[in-house]
file structure-v2.txt (compact mmCIF, C-alpha atoms and all ligand atoms)
# COMPACT_ATOMS: atom_id res chain seq x y z
CA MET A 1 24.74 -10.30 -14.99
CA PHE A 2 22.23 -7.73 -16.27
CA ASP A 3 19.13 -9.40 -17.68
CA LEU A 4 17.64 -7.23 -20.45
CA PHE A 5 14.31 -9.07 -20.25
CA ASN A 6 13.95 -9.01 -16.45
CA PRO A 7 16.12 -6.12 -15.26
CA THR A 8 15.01 -6.39 -11.60
CA ASP A 9 13.40 -8.94 -9.28
CA ASP A 10 10.16 -6.95 -9.57
CA HIS A 11 10.17 -7.45 -13.34
CA ALA A 12 10.85 -11.17 -12.97
CA ALA A 13 8.04 -11.51 -10.42
CA LEU A 14 5.63 -9.60 -12.65
CA ARG A 15 6.51 -11.89 -15.57
CA GLY A 16 5.87 -14.98 -13.47
CA LEU A 17 2.56 -13.67 -12.18
CA THR A 18 1.38 -12.63 -15.66
CA ARG A 19 2.48 -15.90 -17.24
CA ASP A 20 0.54 -17.91 -14.66
CA LEU A 21 -2.50 -15.70 -15.17
CA ALA A 22 -2.31 -16.05 -18.95
CA LYS A 23 -2.05 -19.83 -18.76
CA GLY A 24 -4.63 -20.31 -16.02
CA VAL A 25 -7.23 -17.67 -16.82
CA LEU A 26 -6.82 -16.35 -20.38
CA GLU A 27 -6.07 -19.63 -22.12
CA PRO A 28 -9.34 -21.41 -21.21
CA GLN A 29 -11.55 -18.60 -22.57
CA VAL A 30 -9.77 -17.87 -25.88
CA HIS A 31 -11.81 -19.99 -28.22
CA GLU A 32 -15.22 -19.11 -26.76
CA PHE A 33 -14.76 -15.33 -27.02
CA ASP A 34 -13.05 -15.49 -30.42
CA GLU A 35 -16.04 -17.44 -31.75
CA LYS A 36 -18.57 -15.14 -30.05
CA GLU A 37 -16.62 -12.11 -31.28
CA SER A 38 -17.21 -10.33 -28.01
CA LEU A 39 -15.09 -9.15 -25.13
CA ASN A 40 -14.76 -11.09 -21.90
CA GLU A 41 -15.63 -7.91 -20.06
CA ALA A 42 -15.80 -9.52 -16.63
CA LEU A 43 -12.24 -10.79 -17.04
CA LEU A 44 -10.98 -7.39 -18.21
CA ARG A 45 -12.47 -5.79 -15.09
CA LYS A 46 -10.82 -8.46 -12.95
CA MET A 47 -7.44 -7.39 -14.36
CA GLY A 48 -7.95 -4.45 -12.01
CA SER A 49 -10.11 -5.75 -9.18
CA GLU A 50 -8.50 -9.16 -8.72
CA TYR A 51 -5.18 -9.42 -10.55
CA ASN A 52 -3.90 -5.85 -10.01
CA LEU A 53 -2.56 -5.50 -13.53
CA PHE A 54 -3.82 -1.98 -14.18
CA GLY A 55 -1.55 0.97 -13.48
CA ILE A 56 1.79 -0.69 -14.23
CA THR A 57 3.37 2.70 -15.09
CA VAL A 58 1.41 4.69 -12.49
CA PRO A 59 3.41 5.53 -9.33
CA ALA A 60 2.60 3.51 -6.23
CA ASP A 61 1.39 6.55 -4.28
CA ALA A 62 -1.24 7.11 -6.99
CA GLY A 63 -2.43 3.50 -6.73
CA GLY A 64 -0.31 1.85 -9.41
CA TYR A 65 2.73 -0.45 -9.62
CA GLY A 66 5.27 2.34 -10.07
CA LEU A 67 7.10 0.38 -12.74
CA ASP A 68 8.39 1.28 -16.19
CA ALA A 69 8.03 0.60 -19.91
CA THR A 70 9.88 -2.72 -19.56
CA ALA A 71 7.25 -3.89 -17.07
CA SER A 72 4.52 -2.89 -19.48
CA VAL A 73 6.25 -4.80 -22.28
CA ILE A 74 6.50 -7.89 -20.04
CA VAL A 75 2.76 -7.88 -19.29
CA HIS A 76 1.72 -7.37 -22.93
CA GLU A 77 4.15 -10.04 -24.14
CA GLU A 78 3.00 -12.65 -21.61
CA LEU A 79 -0.74 -11.99 -22.03
CA SER A 80 -0.48 -12.09 -25.84
CA TYR A 81 1.14 -15.51 -25.71
CA SER A 82 -2.29 -16.78 -24.67
CA ASP A 83 -4.73 -14.26 -26.18
CA ALA A 84 -3.63 -11.22 -28.18
CA ALA A 85 -7.22 -10.11 -28.79
CA PHE A 86 -7.98 -9.83 -25.07
CA THR A 87 -4.62 -8.12 -24.65
CA LEU A 88 -5.55 -5.47 -27.23
CA SER A 89 -8.49 -4.41 -25.05
CA TYR A 90 -6.22 -4.52 -22.02
CA LEU A 91 -3.77 -2.24 -23.88
CA ALA A 92 -6.48 0.26 -24.86
CA HIS A 93 -7.48 0.57 -21.21
CA GLU A 94 -4.05 0.37 -19.57
CA VAL A 95 -1.80 2.19 -22.04
CA LEU A 96 -4.09 4.38 -24.15
CA PHE A 97 -6.14 5.60 -21.21
CA VAL A 98 -4.51 4.91 -17.80
CA ASN A 99 -0.89 5.62 -18.73
CA ASN A 100 -1.85 8.65 -20.83
CA LEU A 101 -4.16 10.02 -18.14
CA TYR A 102 -1.64 9.72 -15.34
CA HIS A 103 1.19 11.33 -17.28
CA SER A 104 -0.82 14.08 -19.00
CA ALA A 105 -3.68 15.02 -16.68
CA ASN A 106 -3.75 17.30 -13.63
CA ASP A 107 -4.22 16.17 -10.03
CA HIS A 108 -7.92 16.91 -10.00
CA GLN A 109 -8.48 14.77 -13.12
CA ARG A 110 -6.31 11.97 -11.74
CA LYS A 111 -8.26 11.92 -8.47
CA ARG A 112 -11.57 11.92 -10.30
CA TYR A 113 -10.82 9.18 -12.84
CA LEU A 114 -7.85 7.04 -11.79
CA PRO A 115 -9.38 5.04 -8.91
CA GLN A 116 -12.20 3.71 -11.08
CA VAL A 117 -9.96 2.68 -13.96
CA LEU A 118 -7.31 1.16 -11.71
CA ASP A 119 -9.73 -1.16 -9.95
CA GLY A 120 -11.65 -2.03 -13.12
CA THR A 121 -14.94 -0.47 -11.98
CA ALA A 122 -14.77 1.52 -15.22
CA LEU A 123 -13.22 0.46 -18.53
CA ALA A 124 -11.71 3.01 -20.88
CA GLY A 125 -10.14 3.76 -24.25
CA MET A 126 -8.73 6.47 -26.48
CA ALA A 127 -10.28 8.08 -29.56
CA MET A 128 -7.91 9.61 -32.10
CA SER A 129 -8.67 8.02 -35.49
CA GLU A 130 -11.57 9.09 -37.67
CA PRO A 131 -13.34 7.66 -40.73
CA GLY A 132 -11.39 10.05 -42.96
CA ALA A 133 -8.20 10.48 -40.92
CA GLY A 134 -6.11 7.55 -39.70
CA THR A 135 -2.47 7.83 -40.73
CA ASP A 136 -3.12 11.48 -41.47
CA VAL A 137 -4.17 12.01 -37.86
CA LEU A 138 -3.74 15.77 -37.97
CA GLY A 139 -6.40 15.79 -40.66
CA MET A 140 -9.00 15.03 -37.96
CA THR A 141 -12.21 17.03 -38.21
CA THR A 142 -13.79 16.37 -34.80
CA SER A 143 -14.10 19.84 -33.33
CA ALA A 144 -14.22 21.24 -29.82
CA GLU A 145 -15.56 24.75 -29.53
CA LYS A 146 -15.20 26.66 -26.27
CA LYS A 147 -18.43 28.17 -24.91
CA GLY A 148 -18.00 29.66 -21.43
CA ASP A 149 -17.19 26.94 -18.91
CA HIS A 150 -17.50 24.07 -21.35
CA TYR A 151 -16.54 22.80 -24.82
CA ILE A 152 -18.96 21.51 -27.45
CA LEU A 153 -17.64 18.42 -29.24
CA ASN A 154 -18.85 17.39 -32.69
CA GLY A 155 -17.56 14.64 -34.95
CA THR A 156 -17.08 10.91 -35.41
CA LYS A 157 -14.24 8.69 -34.24
CA GLN A 158 -13.50 5.38 -35.95
CA TRP A 159 -11.90 2.06 -34.86
CA ILE A 160 -12.14 2.78 -31.15
CA THR A 161 -11.07 -0.20 -29.05
CA ASN A 162 -13.42 -0.76 -26.07
CA GLY A 163 -15.85 1.69 -27.71
CA ASN A 164 -18.93 -0.22 -26.58
CA CYS A 165 -17.78 -1.04 -23.03
CA GLY A 166 -15.74 2.01 -22.09
CA SER A 167 -17.09 4.51 -19.57
CA PHE A 168 -14.29 7.04 -20.18
CA PHE A 169 -12.35 8.03 -23.28
CA ILE A 170 -9.47 10.36 -23.97
CA VAL A 171 -10.76 12.11 -27.09
CA TYR A 172 -8.61 14.23 -29.42
CA ALA A 173 -10.34 17.13 -31.18
CA ARG A 174 -9.48 20.21 -33.17
CA THR A 175 -9.80 23.50 -31.29
CA GLN A 176 -8.85 25.75 -34.26
CA LYS A 177 -10.25 25.15 -37.73
CA ASP A 178 -7.37 26.42 -39.82
CA LYS A 179 -4.38 25.22 -37.77
CA ARG A 180 -3.48 21.54 -38.29
CA GLN A 181 -1.48 21.31 -35.07
CA ALA A 182 -4.22 22.83 -32.87
CA ILE A 183 -5.33 19.56 -31.30
CA SER A 184 -6.66 19.33 -27.75
CA SER A 185 -7.64 16.32 -25.70
CA PHE A 186 -10.55 15.79 -23.35
CA ILE A 187 -11.80 13.19 -20.92
CA VAL A 188 -15.25 12.27 -22.17
CA GLU A 189 -17.68 10.09 -20.22
CA ASN A 190 -20.05 7.79 -22.07
CA ASN A 191 -23.00 9.27 -20.17
CA PHE A 192 -22.36 12.81 -21.46
CA LYS A 193 -25.38 13.95 -23.46
CA GLY A 194 -24.82 13.67 -27.22
CA PHE A 195 -22.29 10.80 -26.93
CA SER A 196 -23.25 7.59 -28.68
CA VAL A 197 -21.64 4.36 -29.84
CA GLY A 198 -21.99 3.66 -33.57
CA LYS A 199 -21.21 0.61 -35.66
CA LYS A 200 -19.21 -2.26 -34.15
CA GLU A 201 -16.80 -3.69 -36.73
CA ILE A 202 -16.75 -7.37 -37.73
CA LYS A 203 -13.08 -8.22 -38.07
CA LEU A 204 -10.58 -10.77 -39.45
CA GLY A 205 -8.75 -11.05 -36.13
CA MET A 206 -8.63 -9.48 -32.68
CA ARG A 207 -12.24 -10.62 -32.62
CA GLN A 208 -12.62 -10.58 -28.85
CA SER A 209 -11.61 -6.90 -28.73
CA PRO A 210 -14.54 -4.61 -29.63
CA THR A 211 -13.80 -1.96 -32.28
CA CYS A 212 -16.50 0.72 -32.60
CA GLN A 213 -17.37 4.07 -34.03
CA LEU A 214 -18.02 6.83 -31.47
CA VAL A 215 -20.32 9.71 -32.39
CA PHE A 216 -20.24 13.14 -30.75
CA GLU A 217 -23.26 15.36 -31.36
CA ASP A 218 -23.03 18.64 -29.48
CA VAL A 219 -21.47 16.84 -26.52
CA VAL A 220 -21.03 19.25 -23.61
CA VAL A 221 -17.63 18.68 -21.98
CA PRO A 222 -16.72 20.78 -18.92
CA THR A 223 -13.49 22.79 -19.33
CA GLU A 224 -12.12 20.95 -16.30
CA ASN A 225 -11.99 17.85 -18.55
CA LEU A 226 -9.54 19.49 -20.95
CA ILE A 227 -6.19 17.71 -20.53
CA GLY A 228 -3.27 20.13 -20.40
CA GLU A 229 -3.35 23.34 -22.45
CA GLU A 230 -5.87 24.04 -25.19
CA GLY A 231 -4.16 23.23 -28.51
CA GLY A 232 -1.29 21.47 -26.72
CA ALA A 233 -2.31 17.81 -27.00
CA LEU A 234 0.23 16.86 -29.65
CA THR A 235 2.98 16.51 -27.06
CA HIS A 236 1.21 13.91 -24.97
CA MET A 237 -0.35 12.29 -28.04
CA MET A 238 3.12 11.63 -29.45
CA ARG A 239 4.56 10.60 -26.08
CA ASN A 240 1.79 8.08 -25.52
CA LEU A 241 2.08 6.77 -29.09
CA GLU A 242 5.63 5.69 -28.26
CA ILE A 243 4.62 3.39 -25.43
CA GLU A 244 1.60 2.26 -27.45
CA ARG A 245 3.91 1.23 -30.31
CA LEU A 246 6.27 -0.47 -27.90
CA THR A 247 3.50 -2.49 -26.24
CA LEU A 248 2.02 -3.42 -29.63
CA ALA A 249 5.53 -4.65 -30.51
CA ALA A 250 5.53 -6.60 -27.22
CA MET A 251 2.24 -8.21 -28.22
CA SER A 252 3.95 -9.30 -31.46
CA LEU A 253 6.63 -11.01 -29.36
CA GLY A 254 3.99 -12.96 -27.43
CA ILE A 255 2.32 -14.10 -30.65
CA ALA A 256 5.63 -15.11 -32.22
CA LYS A 257 6.78 -17.07 -29.16
CA ARG A 258 3.50 -18.97 -29.18
CA ALA A 259 3.86 -19.69 -32.90
CA LEU A 260 7.39 -20.98 -32.29
CA ASP A 261 6.44 -23.19 -29.35
CA GLU A 262 3.52 -24.63 -31.30
CA MET A 263 5.55 -25.41 -34.41
CA VAL A 264 8.55 -26.86 -32.57
CA ARG A 265 6.29 -29.21 -30.64
CA TYR A 266 4.17 -30.20 -33.64
CA ALA A 267 7.14 -30.81 -35.92
CA SER A 268 9.26 -32.58 -33.30
CA LEU A 269 6.70 -34.69 -31.45
CA ASP A 270 3.27 -34.77 -33.05
CA ARG A 271 3.48 -35.11 -36.81
CA SER A 272 5.31 -37.57 -39.02
CA ALA A 273 5.52 -37.95 -42.80
CA PHE A 274 7.47 -40.43 -44.90
CA GLY A 275 8.36 -42.29 -41.69
CA LYS A 276 10.09 -39.29 -40.10
CA LYS A 277 9.15 -36.43 -37.81
CA LEU A 278 8.50 -33.18 -39.69
CA ALA A 279 11.44 -31.64 -37.81
CA ASP A 280 13.77 -34.03 -39.66
CA PHE A 281 13.08 -32.27 -42.96
CA GLY A 282 15.53 -29.51 -43.84
CA GLN A 283 12.85 -27.19 -45.22
CA ILE A 284 10.85 -27.40 -41.98
CA GLN A 285 14.05 -26.75 -40.01
CA GLN A 286 14.70 -23.70 -42.18
CA LEU A 287 11.17 -22.32 -41.52
CA ILE A 288 11.43 -22.74 -37.76
CA ALA A 289 15.03 -21.58 -37.46
CA GLU A 290 14.34 -18.46 -39.52
CA SER A 291 11.36 -17.59 -37.29
CA TYR A 292 13.43 -18.16 -34.18
CA ALA A 293 16.33 -15.96 -35.31
CA ARG A 294 13.97 -13.13 -36.31
CA TYR A 295 12.09 -13.46 -33.00
CA ARG A 296 15.29 -13.22 -30.97
CA ALA A 297 16.47 -10.15 -32.88
CA SER A 298 13.13 -8.32 -32.52
CA ARG A 299 12.86 -9.23 -28.86
CA ALA A 300 16.26 -7.71 -28.14
CA LEU A 301 15.28 -4.53 -30.01
CA VAL A 302 11.94 -4.21 -28.18
CA TYR A 303 13.46 -4.65 -24.71
CA GLU A 304 16.42 -2.40 -25.50
CA THR A 305 13.96 0.30 -26.61
CA ALA A 306 11.89 -0.22 -23.45
CA LEU A 307 14.89 0.68 -21.31
CA ARG A 308 14.96 4.12 -22.92
CA ILE A 309 11.24 4.96 -23.07
CA GLY A 310 9.74 6.91 -20.18
CA PRO A 311 7.42 9.81 -19.42
CA SER A 312 10.26 12.30 -19.75
CA SER A 313 12.33 10.72 -22.52
CA ARG A 314 11.34 10.66 -26.18
CA GLU A 315 12.36 7.69 -28.33
CA SER A 316 10.15 7.90 -31.41
CA LEU A 317 12.81 6.45 -33.74
CA SER A 318 13.42 3.36 -31.58
CA ALA A 319 9.71 2.84 -30.91
CA ALA A 320 8.95 2.95 -34.64
CA ALA A 321 11.83 0.56 -35.41
CA ALA A 322 10.73 -1.85 -32.67
CA LYS A 323 7.14 -1.87 -33.92
CA LEU A 324 8.13 -2.26 -37.57
CA SER A 325 10.50 -5.11 -36.82
CA ALA A 326 8.36 -7.03 -34.31
CA THR A 327 5.06 -6.82 -36.19
CA GLN A 328 6.57 -8.10 -39.45
CA MET A 329 8.36 -10.82 -37.54
CA ALA A 330 5.16 -11.95 -35.79
CA GLU A 331 3.27 -12.16 -39.07
CA TYR A 332 6.12 -14.21 -40.52
CA ALA A 333 6.25 -16.56 -37.53
CA ALA A 334 2.48 -17.05 -37.41
CA ARG A 335 2.25 -17.63 -41.17
CA THR A 336 5.18 -20.05 -40.92
CA ALA A 337 3.47 -21.94 -38.11
CA ILE A 338 0.43 -22.48 -40.35
CA GLN A 339 2.77 -23.82 -43.06
CA VAL A 340 4.44 -26.21 -40.63
CA PHE A 341 1.05 -27.49 -39.46
CA GLY A 342 -0.10 -27.96 -43.08
CA GLY A 343 -3.88 -28.34 -43.51
CA TYR A 344 -4.42 -28.60 -39.76
CA GLY A 345 -2.84 -25.19 -39.34
CA TYR A 346 -5.54 -23.67 -41.49
CA THR A 347 -8.32 -24.91 -39.20
CA ARG A 348 -9.68 -23.54 -35.94
CA GLU A 349 -8.86 -26.85 -34.26
CA TYR A 350 -5.31 -25.60 -33.70
CA PRO A 351 -4.30 -22.21 -32.31
CA VAL A 352 -1.98 -21.08 -35.11
CA GLU A 353 -4.53 -19.60 -37.55
CA LYS A 354 -5.70 -17.19 -34.83
CA LEU A 355 -2.12 -16.11 -34.26
CA LEU A 356 -1.91 -14.90 -37.86
CA ARG A 357 -5.33 -13.23 -37.80
CA ASP A 358 -4.38 -11.33 -34.66
CA ALA A 359 -0.82 -10.54 -35.77
CA ILE A 360 -1.96 -8.70 -38.91
CA LEU A 361 -3.67 -5.96 -36.86
CA LEU A 362 -0.38 -5.12 -35.19
CA SER A 363 1.00 -3.90 -38.54
CA ILE A 364 -1.94 -1.46 -38.77
CA GLY A 365 -3.04 -0.27 -35.31
CA GLY A 366 -1.05 2.42 -33.51
CA GLY A 367 0.29 3.56 -36.89
CA THR A 368 0.77 1.37 -39.96
CA ASN A 369 4.10 -0.14 -40.94
CA GLU A 370 4.27 2.37 -43.80
CA ALA A 371 3.87 5.17 -41.25
CA MET A 372 6.68 3.60 -39.16
CA GLN A 373 8.92 3.54 -42.25
CA LYS A 374 8.17 7.21 -42.94
CA ASN A 375 8.80 8.18 -39.29
CA ILE A 376 12.09 6.30 -39.22
CA MET A 377 13.29 8.00 -42.40
CA LYS A 378 12.23 11.43 -41.12
CA ASP A 379 14.05 10.96 -37.79
CA LEU A 380 17.18 9.66 -39.54
CA ARG A 381 17.16 12.59 -41.93
CA ASP A 382 16.59 15.07 -39.06
CA SER A 383 19.52 13.55 -37.18
CA LEU A 384 21.84 14.84 -39.94
CA GLN A 385 21.00 18.44 -39.06
C1 LIG B 401 -8.74 -3.31 -34.62
C2 LIG B 401 -8.34 -1.86 -34.60
C3 LIG B 401 -8.28 -1.19 -33.39
C4 LIG B 401 -7.96 0.18 -33.36
N1 LIG B 401 -8.01 0.85 -32.16
C5 LIG B 401 -7.90 2.21 -32.17
C6 LIG B 401 -8.15 2.97 -30.98
O1 LIG B 401 -8.43 2.42 -29.90
N2 LIG B 401 -8.09 4.33 -31.05
C7 LIG B 401 -7.79 4.99 -32.22
O2 LIG B 401 -7.74 6.21 -32.22
N3 LIG B 401 -7.53 4.28 -33.37
C8 LIG B 401 -7.59 2.93 -33.37
N4 LIG B 401 -7.37 2.21 -34.53
C9 LIG B 401 -7.06 2.96 -35.76
C10 LIG B 401 -5.66 2.71 -36.31
O3 LIG B 401 -4.71 3.43 -35.56
C11 LIG B 401 -5.71 3.13 -37.80
O4 LIG B 401 -6.45 2.12 -38.47
C12 LIG B 401 -4.36 3.29 -38.41
O5 LIG B 401 -3.70 4.41 -37.88
C13 LIG B 401 -4.44 3.45 -39.94
O6 LIG B 401 -5.37 4.41 -40.31
P1 LIG B 401 -6.47 4.06 -41.44
O7 LIG B 401 -7.10 2.78 -41.06
O8 LIG B 401 -7.33 5.25 -41.60
O9 LIG B 401 -5.64 3.81 -42.76
P2 LIG B 401 -5.19 4.92 -43.82
O10 LIG B 401 -4.53 6.04 -43.13
O11 LIG B 401 -6.31 5.22 -44.73
O12 LIG B 401 -4.09 4.11 -44.63
C14 LIG B 401 -4.44 3.16 -45.66
C15 LIG B 401 -3.12 2.68 -46.31
O13 LIG B 401 -2.41 3.80 -46.86
C16 LIG B 401 -1.12 3.90 -46.29
N5 LIG B 401 -0.77 5.32 -46.16
C17 LIG B 401 -1.51 6.32 -45.64
N6 LIG B 401 -0.84 7.49 -45.69
C18 LIG B 401 0.36 7.19 -46.24
C19 LIG B 401 1.52 7.95 -46.57
N7 LIG B 401 1.61 9.25 -46.31
N8 LIG B 401 2.58 7.33 -47.14
C20 LIG B 401 2.54 6.00 -47.40
N9 LIG B 401 1.46 5.22 -47.12
C21 LIG B 401 0.41 5.81 -46.55
C22 LIG B 401 -1.24 3.20 -44.93
O14 LIG B 401 0.01 2.76 -44.46
C23 LIG B 401 -2.18 2.06 -45.28
O15 LIG B 401 -1.45 1.04 -45.90
C24 LIG B 401 -7.64 0.85 -34.57
C25 LIG B 401 -7.67 0.15 -35.78
C26 LIG B 401 -8.04 -1.17 -35.81
C27 LIG B 401 -8.12 -1.88 -37.16
call {"tool": "encode", "arguments": {"input": "structure-v2.txt", "output": "structure tokens", "more": "lines below"}}
Ligand SMILES: Cc1cc2nc3c(=O)[nH]c(=O)nc-3n(C[C@H](O)[C@H](O)[C@H](O)COP(=O)(O)OP(=O)(O)OC[C@H]3O[C@@H](n4cnc5c(N)ncnc54)[C@H](O)[C@@H]3O)c2cc1C
result
Amino acid sequence: MFDLFNPTDDHAALRGLTRDLAKGVLEPQVHEFDEKESLNEALLRKMGSEYNLFGITVPADAGGYGLDATASVIVHEELSYSDAAFTLSYLAHEVLFVNNLYHSANDHQRKRYLPQVLDGTALAGMAMSEPGAGTDVLGMTTSAEKKGDHYILNGTKQWITNGNCGSFFIVYARTQKDKRQAISSFIVENNFKGFSVGKKEIKLGMRQSPTCQLVFEDVVVPTENLIGEEGGALTHMMRNLEIERLTLAAMSLGIAKRALDEMVRYASLDRSAFGKKLADFGQIQQLIAESYARYRASRALVYETALRIGPSSRESLSAAAAKLSATQMAEYAARTAIQVFGGYGYTREYPVEKLLRDAILLSIGGGTNEAMQKNIMKDLRDSLQ
């Protein structure tokens, strides 16, 4: 029988390997790095050098796994069960940079940059958002002006995951002042003159994952670092946003499954009131059952969408629906887990409060839930024509 969640033996093996890694290696470091509010950089590098989890969607002959969006969903789901904040930095490197680079760059750029990001020698990220342009991404003002054999980049990017540890970034910039769609993308190295890292944000959740401002002051970028055609970045920006949204939805699944496991165990085995286990109370049953049903529905939607997302197939409607559904569901499940745990759930002694703090970001990053609602309505309306 076809298994939507593990379509092939390779997928099942990848899930097993990632689950073991999450339990054995991510789990023990969660609390320390959440408290320190800093990235376990050594561990992120090891995801390439030791655990071979970079390049899931990169073909094997280019040094990757040669797998698909489902495989990427599996990895993000399993890692997030143990630590969604670490997984966010993994996603910025693996999906926002590696996947985007492989599928959008030319052979010369792949040869130059892929080996270092696949083995974790270099960490990476993607810079699209700006202080004044998040949802309204085409309102970006960072400019790239062509001067002979190079471009001069000026502007500020905001909220950049891995901003303070990344060596390479895919940076989106405007190459024509008066044309909103004229966006180009460039590979920028952190040692290019004029590049600097600005403020690091102090956040509610996803505390292990660094979020920084990047500043570009007359940064000289060689034309060979332009990805694709000048002014043509929207196509790969939108294509990569689909798998970003899908993997953020997968992270929501990992958080929700953890919330469910924690509350089922606590209510069934650990905590009693009025001489009964919490799980004997109808209202607690309702909270857990509701979370479970929503989790199962979102999980089916995310994996069904994954089957249809690939470098040459566009599925913006399904990706938006999967993200909207899964992120709301994860927030509900994490909030519900805190309720089931009562006062203990509100403390850092138990893992459920972190689940909620981390889950909230997933309704914002990669496009807010309001943006997903707008995209869904636009695609549905367009489908009438
Ligand atoms: C922890 C973190 C990590 C991130 N990592 C990255 C990264 O690596 N790279 C990157 O480029 N970006 C990154 N982002 C940025 C993220 O994608 C943006 O925060 C997001 O797109 C929202 O943009 P904004 O914050 O400017 O909010 P705004 O666009 O200002 O939106 C504010 C509110 O208004 C609503 N809104 C805006 N426009 C509309 C509209 N037309 N209709 C209805 N409602 C609307 C929004 O939904 C939201 O509720 C990250 C953000 C965070 C918090």
call {"tool": "residues_near_ligand", "arguments": {"input": "structure-v2.txt", "ligand": "ligand LIG 401 (chain B)", "cutoff": "9 Å", "atoms": "all atoms listed in the file", "output": "ChimeraX atom specification"}}
result
/A:88-89,91-93,96,125-137,157-163,171-172,201,203,205-207,209-212,361-374
call {"tool": "closest_residue", "arguments": {"input": "structure-v2.txt", "among": "A:Phe54, A:Tyr81, A:Tyr344, A:Tyr295", "to": "Asp358 of chain A", "atoms": "all atoms listed in the file"}}
result
A:Tyr81
call {"tool": "residues_near_point", "arguments": {"input": "structure-v2.txt", "point": "(12.8, 0.4, -21.4)", "cutoff": "10 Å", "atoms": "all atoms listed in the file", "output": "MDAnalysis selection string"}}
result
chainID A and resid 4:5 7 68:73 243 246 302:310
call {"tool": "residues_around", "arguments": {"input": "structure-v2.txt", "residues": "Phe195 of chain A", "least_positions_apart": "2", "cutoff": "7 Å", "atoms": "all atoms listed in the file", "output": "PyMOL selection string"}}
result
chain A and resi 190-193+215-217+219
call {"tool": "closest_residue", "arguments": {"input": "structure-v2.txt", "among": "A:Glu27, A:Glu35, A:Asp3, A:Asp382", "to": "Ile202 of chain A", "atoms": "all atoms listed in the file"}}
result
A:Glu35
call {"tool": "atom_distance", "arguments": {"input": "structure-v2.txt", "atom1": "atom CA of Leu234 of chain A", "atom2": "atom CA of Gln181 of chain A"}}
result
7.2 Å
call {"tool": "residues_around", "arguments": {"input": "structure-v2.txt", "residues": "Ser80 of chain A", "least_positions_apart": "4", "cutoff": "9 Å", "atoms": "all atoms listed in the file", "output": "JSON, numbers by chain"}}
result
{"A": [22, 75, 76, 84, 85, 86, 87, 88, 250, 251, 252, 253, 254, 255, 258]}
call {"tool": "closest_residue", "arguments": {"input": "structure-v2.txt", "among": "A:Glu77, A:Leu21, A:Pro115, A:Tyr350", "to": "Glu262 of chain A", "atoms": "only C-alpha atoms"}}
result
A:Tyr350
call {"tool": "closest_residue", "arguments": {"input": "structure-v2.txt", "among": "A:Thr121, A:Ser196, A:Asn225, A:Gln328", "to": "Ala144 of chain A", "atoms": "all atoms listed in the file"}}
result
A:Asn225
call {"tool": "closest_residue", "arguments": {"input": "structure-v2.txt", "among": "A:Val117, A:Leu14, A:Ala319, A:Val220", "to": "Arg239 of chain A", "atoms": "all atoms listed in the file"}}
result
A:Ala319
call {"tool": "atom_distance", "arguments": {"input": "structure-v2.txt", "atom1": "atom CA of Ala330 of chain A", "atom2": "atom CA of Tyr292 of chain A"}}
result
10.5 Å
call {"tool": "closest_residue", "arguments": {"input": "structure-v2.txt", "among": "A:Asp83, A:Glu41, A:Asp178, A:Asp9", "to": "Leu26 of chain A", "atoms": "all atoms listed in the file"}}
result
A:Asp83
call {"tool": "atom_distance", "arguments": {"input": "structure-v2.txt", "atom1": "atom CA of Thr141 of chain A", "atom2": "atom CA of Leu101 of chain A"}}
result
22.7 Å
call {"tool": "closest_atom_pairs", "arguments": {"input": "structure-v2.txt", "of": "segment 57-106 of chain A", "to": "segment 229-232 of chain A", "cutoff": "12 Å", "atoms": "all atoms listed in the file", "output": "tab-separated table"}}
result
residue	atom	partner	partner_atom	distance
A:Ser104	CA	A:Glu229	CA	10.2
A:Ala105	CA	A:Glu229	CA	10.1
A:Asn106	CA	A:Glu229	CA	10.7
call {"tool": "write_last_selection", "arguments": {"input": "structure-v2.txt", "atoms": "C-alpha atoms", "output": "PDB file, in the frame of the given file"}}
result
ATOM      1  CA  SER A 104      -0.820  14.080 -19.000  1.00  0.00           C
ATOM      2  CA  ALA A 105      -3.680  15.020 -16.680  1.00  0.00           C
ATOM      3  CA  ASN A 106      -3.750  17.300 -13.630  1.00  0.00           C
TER       4      ASN A 106
END
call {"tool": "residues_around", "arguments": {"input": "structure-v2.txt", "residues": "Lys146 of chain A", "least_positions_apart": "6", "cutoff": "10 Å", "atoms": "only C-alpha atoms", "output": "PyMOL selection string"}}
result
chain A and resi 152-153+175+220-223+230
call {"tool": "axis_aligned_box", "arguments": {"input": "structure-v2.txt", "around": "segment 175-183 of chain A", "padding_each_side": "5 Å", "output": "AutoDock Vina command-line options"}}
result
--center_x -5.9 --center_y 23.0 --center_z -35.6 --size_x 18.8 --size_y 16.9 --size_z 18.5
call {"tool": "residues_near_point", "arguments": {"input": "structure-v2.txt", "point": "(7.1, -33.6, -37.4)", "cutoff": "12 Å", "atoms": "all atoms listed in the file", "output": "NGL selection string"}}
result
:A and (262-285 or 288 or 340-342)
call {"tool": "decode", "arguments": {"input": "structure-v2.txt", "residues": "segment 175-185 of chain A", "atoms": "C-alpha atoms", "output": "CSV table (one decimal), in the first residue's frame"}}
result
chain,number,residue,atom,x,y,z
A,175,THR,CA,18.0,46.5,-10.6
A,176,GLN,CA,15.5,49.2,-11.9
A,177,LYS,CA,14.2,52.0,-9.7
A,178,ASP,CA,10.8,52.5,-11.3
A,179,LYS,CA,9.8,48.8,-12.1
A,180,ARG,CA,8.5,46.9,-9.1
A,181,GLN,CA,9.1,43.5,-10.7
A,182,ALA,CA,12.7,44.3,-11.6
A,183,ILE,CA,14.3,42.2,-8.9
A,184,SER,CA,17.6,40.4,-9.3
A,185,SER,CA,19.4,38.0,-7.0
